[in-house]
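Participant: If you scroll down you'll find the structure; I have some questions about it.
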Amino acid sequence: MKFFAFYLLTVFIYSLVSRRLERTLFTAPILFTLAGICLFMAFPAQYAHLELNRDGLLLIAEIGLVLTLFTDAAHINLKSLSLIANRNLPIRLLTTGMLLTIVLGAAAAMLVFGQFTWLEAGILAAILAPTDAGLGTVIVNSPLVPARIRQALNIEAGLNDGLSVPFLMCFTVLALHSHEGVTTVLTKFLIEQIGYGSLIGGVIGLAGGYLLGLACHKQWMAKPMQQLGLVALPLLGVLASEASAASMFIAAYVAGFAVQAGFSEAGRHSVEFTETWGQLFDFFVFFLFGLLFARSWQEFAAVHVIYGLLSLTVVRMLPVALALIGSGLSRSTVLFMGWFGPRGLASIVLGLVYLDQHANLPGDSDIRLSVMMTVLLSIFVHGFSAMPGIRRYALNIATLDSAAPELQQNEPENPA
């Protein structure tokens, strides 16, 4: 009870000063991470053996990611997908950029840790591949950043968490069943995790969207209940996934796309939820992360810091630069987009989910510590550099011609 009381007190204090904090370098993730660290420092003995299992704190964190995935997918509607086709920067980042990030992240892990297998390296790279839209809010809301660049980063962060899940699950399944044939393991993985997850998400999304759309059209539904009814769908997906060994994350992601077929207002209502009640889950994850980081403080070594720095720089920036070759963007824009790829909510939860699988790989400890160090560095470094970075970038592009790709609203070239 002390844990939740301290968390809710932090939420209350943050709500009191949230508007004033918007003008400072202190973001909500920074504040809640620090609050979690402070709680552990105040009561180290009580939280030294905090249990994380599917019946408690981990389940809350998983639900937070489920709602985020559902919201991200519901927000990217058919109109937005058409827009992406005309502006191929998000496609470059989500295909070439993301795949190279996982490959380079795995290569860096094997180089830095030496004893890592390719599965362990792949698991770490997949966990840290997604960027966090929440940590990048300052960037995507700043009028100083060209709309096209803001949209590209926002869409990338909104979709890459869902795209990274199959990679992580595939590496994890192979590691858990290494004694079986690769073909057998992958077939089972594709059928159970991805197949069942997609089927559950599709059925719940289509049926739920149709009923929500019908109820709204017939005016059977009170407006405040539209948001509540929508949020119930991914939670139903969680229950169905648990009963069928499917991936709740894939189910939520697919449901977010499918629900739009019958309920066109899904994107707006889901975003409204995440901007209010959904933030409680996000803040909780960062609060829990701060406590877990403080609890593991003595276990960190220089190698974890080195990998964290590589993950936020070379592993992120080089793939982005390669993915944007031929886009015509200035060097300042490429550097800006490469630097602001923060790791946060998705990486924390995916890391916890992996550890809950109890794969017992030799590199489990290094995977856990590397994820924590990378996310902590990202929370503070990206948080503190956001405003100065925006101002510097705005000055660098101020002299660009009006025909510069950064300032264009449409893009004639085909997606990379």
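Ordering of the structure tokens sets the chain letters (A, B, ...), residue numbers begin anew at 1 in every chain, and ligands are numbered from 1 in the order given.
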Tell me, as a list in words, which residues lie within 12 Å of Gly208 (chain A), counting only C-alpha atoms; anything in the same chain fewer than 6 positions away does not count.
Facilitator: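 Result of the neighbour search: Ile200, Gly201, Gly202, Leu214, Ala215, Gln226, Gly229, Leu230, Val231, Ala232, Leu233, Pro234, Leu235, Leu236, Gly237, Ala255, Gly256, Phe257, Ala258, Val259, Gln260, Ala261, Gly262, Phe263, Ser264 and Ala266 of chain A.
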Participant: Could you pull the residues within 6 Å of region 102-115 of chain A, counting only C-alpha atoms, minus those fewer than 5 positions along the same chain, as an MDAnalysis selection string?
Facilitator: chainID A and resid 121:122 125:126 315
Participant: Include N, CA and C atoms and write out the residues we just selected as a short mmCIF file (atom, residue, chain, number, x, y, z; two decimals), in the first residue's frame.
Facilitator:
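Once written, part_10.cif looks like this:
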```cif
data_model
loop_
_atom_site.label_atom_id
_atom_site.label_comp_id
_atom_site.auth_asym_id
_atom_site.auth_seq_id
_atom_site.Cartn_x
_atom_site.Cartn_y
_atom_site.Cartn_z
N ALA A 121 21.73 -11.50 -28.09
CA ALA A 121 21.96 -10.19 -28.70
C ALA A 121 20.70 -9.70 -29.41
N GLY A 122 19.99 -10.61 -30.09
CA GLY A 122 18.76 -10.24 -30.77
C GLY A 122 17.67 -9.82 -29.81
N ALA A 125 18.51 -6.30 -28.61
CA ALA A 125 18.30 -5.33 -29.68
C ALA A 125 16.82 -5.09 -29.94
N ALA A 126 16.00 -6.16 -29.89
CA ALA A 126 14.56 -6.02 -30.15
C ALA A 126 13.87 -5.25 -29.03
N VAL A 315 23.84 2.98 -32.82
CA VAL A 315 22.82 1.99 -33.16
C VAL A 315 21.54 2.64 -33.65
#
```
Participant: Check region 169-388 of chain A with DSSP on the backbone and list each residue it calls helix (DSSP H, G or I), as a ChimeraX atom specification.
Facilitator: /A:169-176,182-217,223-244,248-261,266-274,278-295,297-299,302-312,314-323,331-339,345-356,364-388
Participant: Which polymer residues have any atom within 12 Å of an atom of Gln408 (chain A), counting only C-alpha atoms, with same-chain residues fewer than 5 positions away left out, as a list in words?
Facilitator: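 After dropping sequence-adjacent residues, the list is Asn86, Arg87, Asn88, Leu89, Pro146, Ala147, Arg148, Ile149, Ser327, Gly328, Leu329, Leu400, Asp401, Ser402 and Ala403 of chain A.
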Participant: For those residues, write N, CA and C atoms to a file as a CSV table (one decimal), in the first residue's frame.
Facilitator:
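Listing of part_14.csv after writing:
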```
chain,number,residue,atom,x,y,z
A,86,ASN,N,2.4,9.0,-49.3
A,86,ASN,CA,2.8,10.2,-50.0
A,86,ASN,C,4.0,10.9,-49.4
A,87,ARG,N,4.3,10.6,-48.2
A,87,ARG,CA,5.4,11.1,-47.5
A,87,ARG,C,6.2,9.9,-46.9
A,88,ASN,N,7.2,9.5,-47.6
A,88,ASN,CA,7.8,8.2,-47.3
A,88,ASN,C,8.8,8.2,-46.2
A,89,LEU,N,9.0,9.3,-45.5
A,89,LEU,CA,9.9,9.3,-44.4
A,89,LEU,C,9.6,8.2,-43.3
A,146,PRO,N,9.8,21.5,-38.5
A,146,PRO,CA,9.0,21.3,-39.6
A,146,PRO,C,7.9,20.2,-39.4
A,147,ALA,N,6.7,20.5,-39.9
A,147,ALA,CA,5.6,19.5,-39.7
A,147,ALA,C,5.9,18.2,-40.3
A,148,ARG,N,6.6,18.1,-41.4
A,148,ARG,CA,6.9,16.8,-42.0
A,148,ARG,C,7.9,16.0,-41.1
A,149,ILE,N,8.8,16.6,-40.5
A,149,ILE,CA,9.8,15.9,-39.6
A,149,ILE,C,9.1,15.5,-38.3
A,327,SER,N,16.8,11.0,-49.6
A,327,SER,CA,15.6,11.7,-49.3
A,327,SER,C,15.8,13.2,-49.5
A,328,GLY,N,17.1,13.6,-49.7
A,328,GLY,CA,17.3,15.1,-49.9
A,328,GLY,C,17.4,15.9,-48.7
A,329,LEU,N,17.2,15.3,-47.5
A,329,LEU,CA,17.2,16.1,-46.2
A,329,LEU,C,18.6,16.6,-45.9
A,400,LEU,N,17.4,27.4,-45.0
A,400,LEU,CA,17.0,26.5,-46.1
A,400,LEU,C,16.1,27.2,-47.0
A,401,ASP,N,16.2,26.8,-48.3
A,401,ASP,CA,15.3,27.3,-49.3
A,401,ASP,C,13.9,26.8,-49.1
A,402,SER,N,12.8,27.5,-49.5
A,402,SER,CA,11.5,27.0,-49.3
A,402,SER,C,11.2,25.7,-50.0
A,403,ALA,N,12.0,25.4,-51.0
A,403,ALA,CA,11.8,24.1,-51.7
A,403,ALA,C,12.5,22.9,-51.0
```
Participant: Which value, in Å to one decimal, gives the distance between CA of Gly197 (chain A) and CA of Ala251 (chain A)?
Facilitator: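 Distance between the two atoms: 4.4 Å.
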Participant: Expressed in Å to a single decimal, how great is the separation between CA of Leu318 (chain A) and CA of Gly338 (chain A)?
Facilitator: 7.5 Å
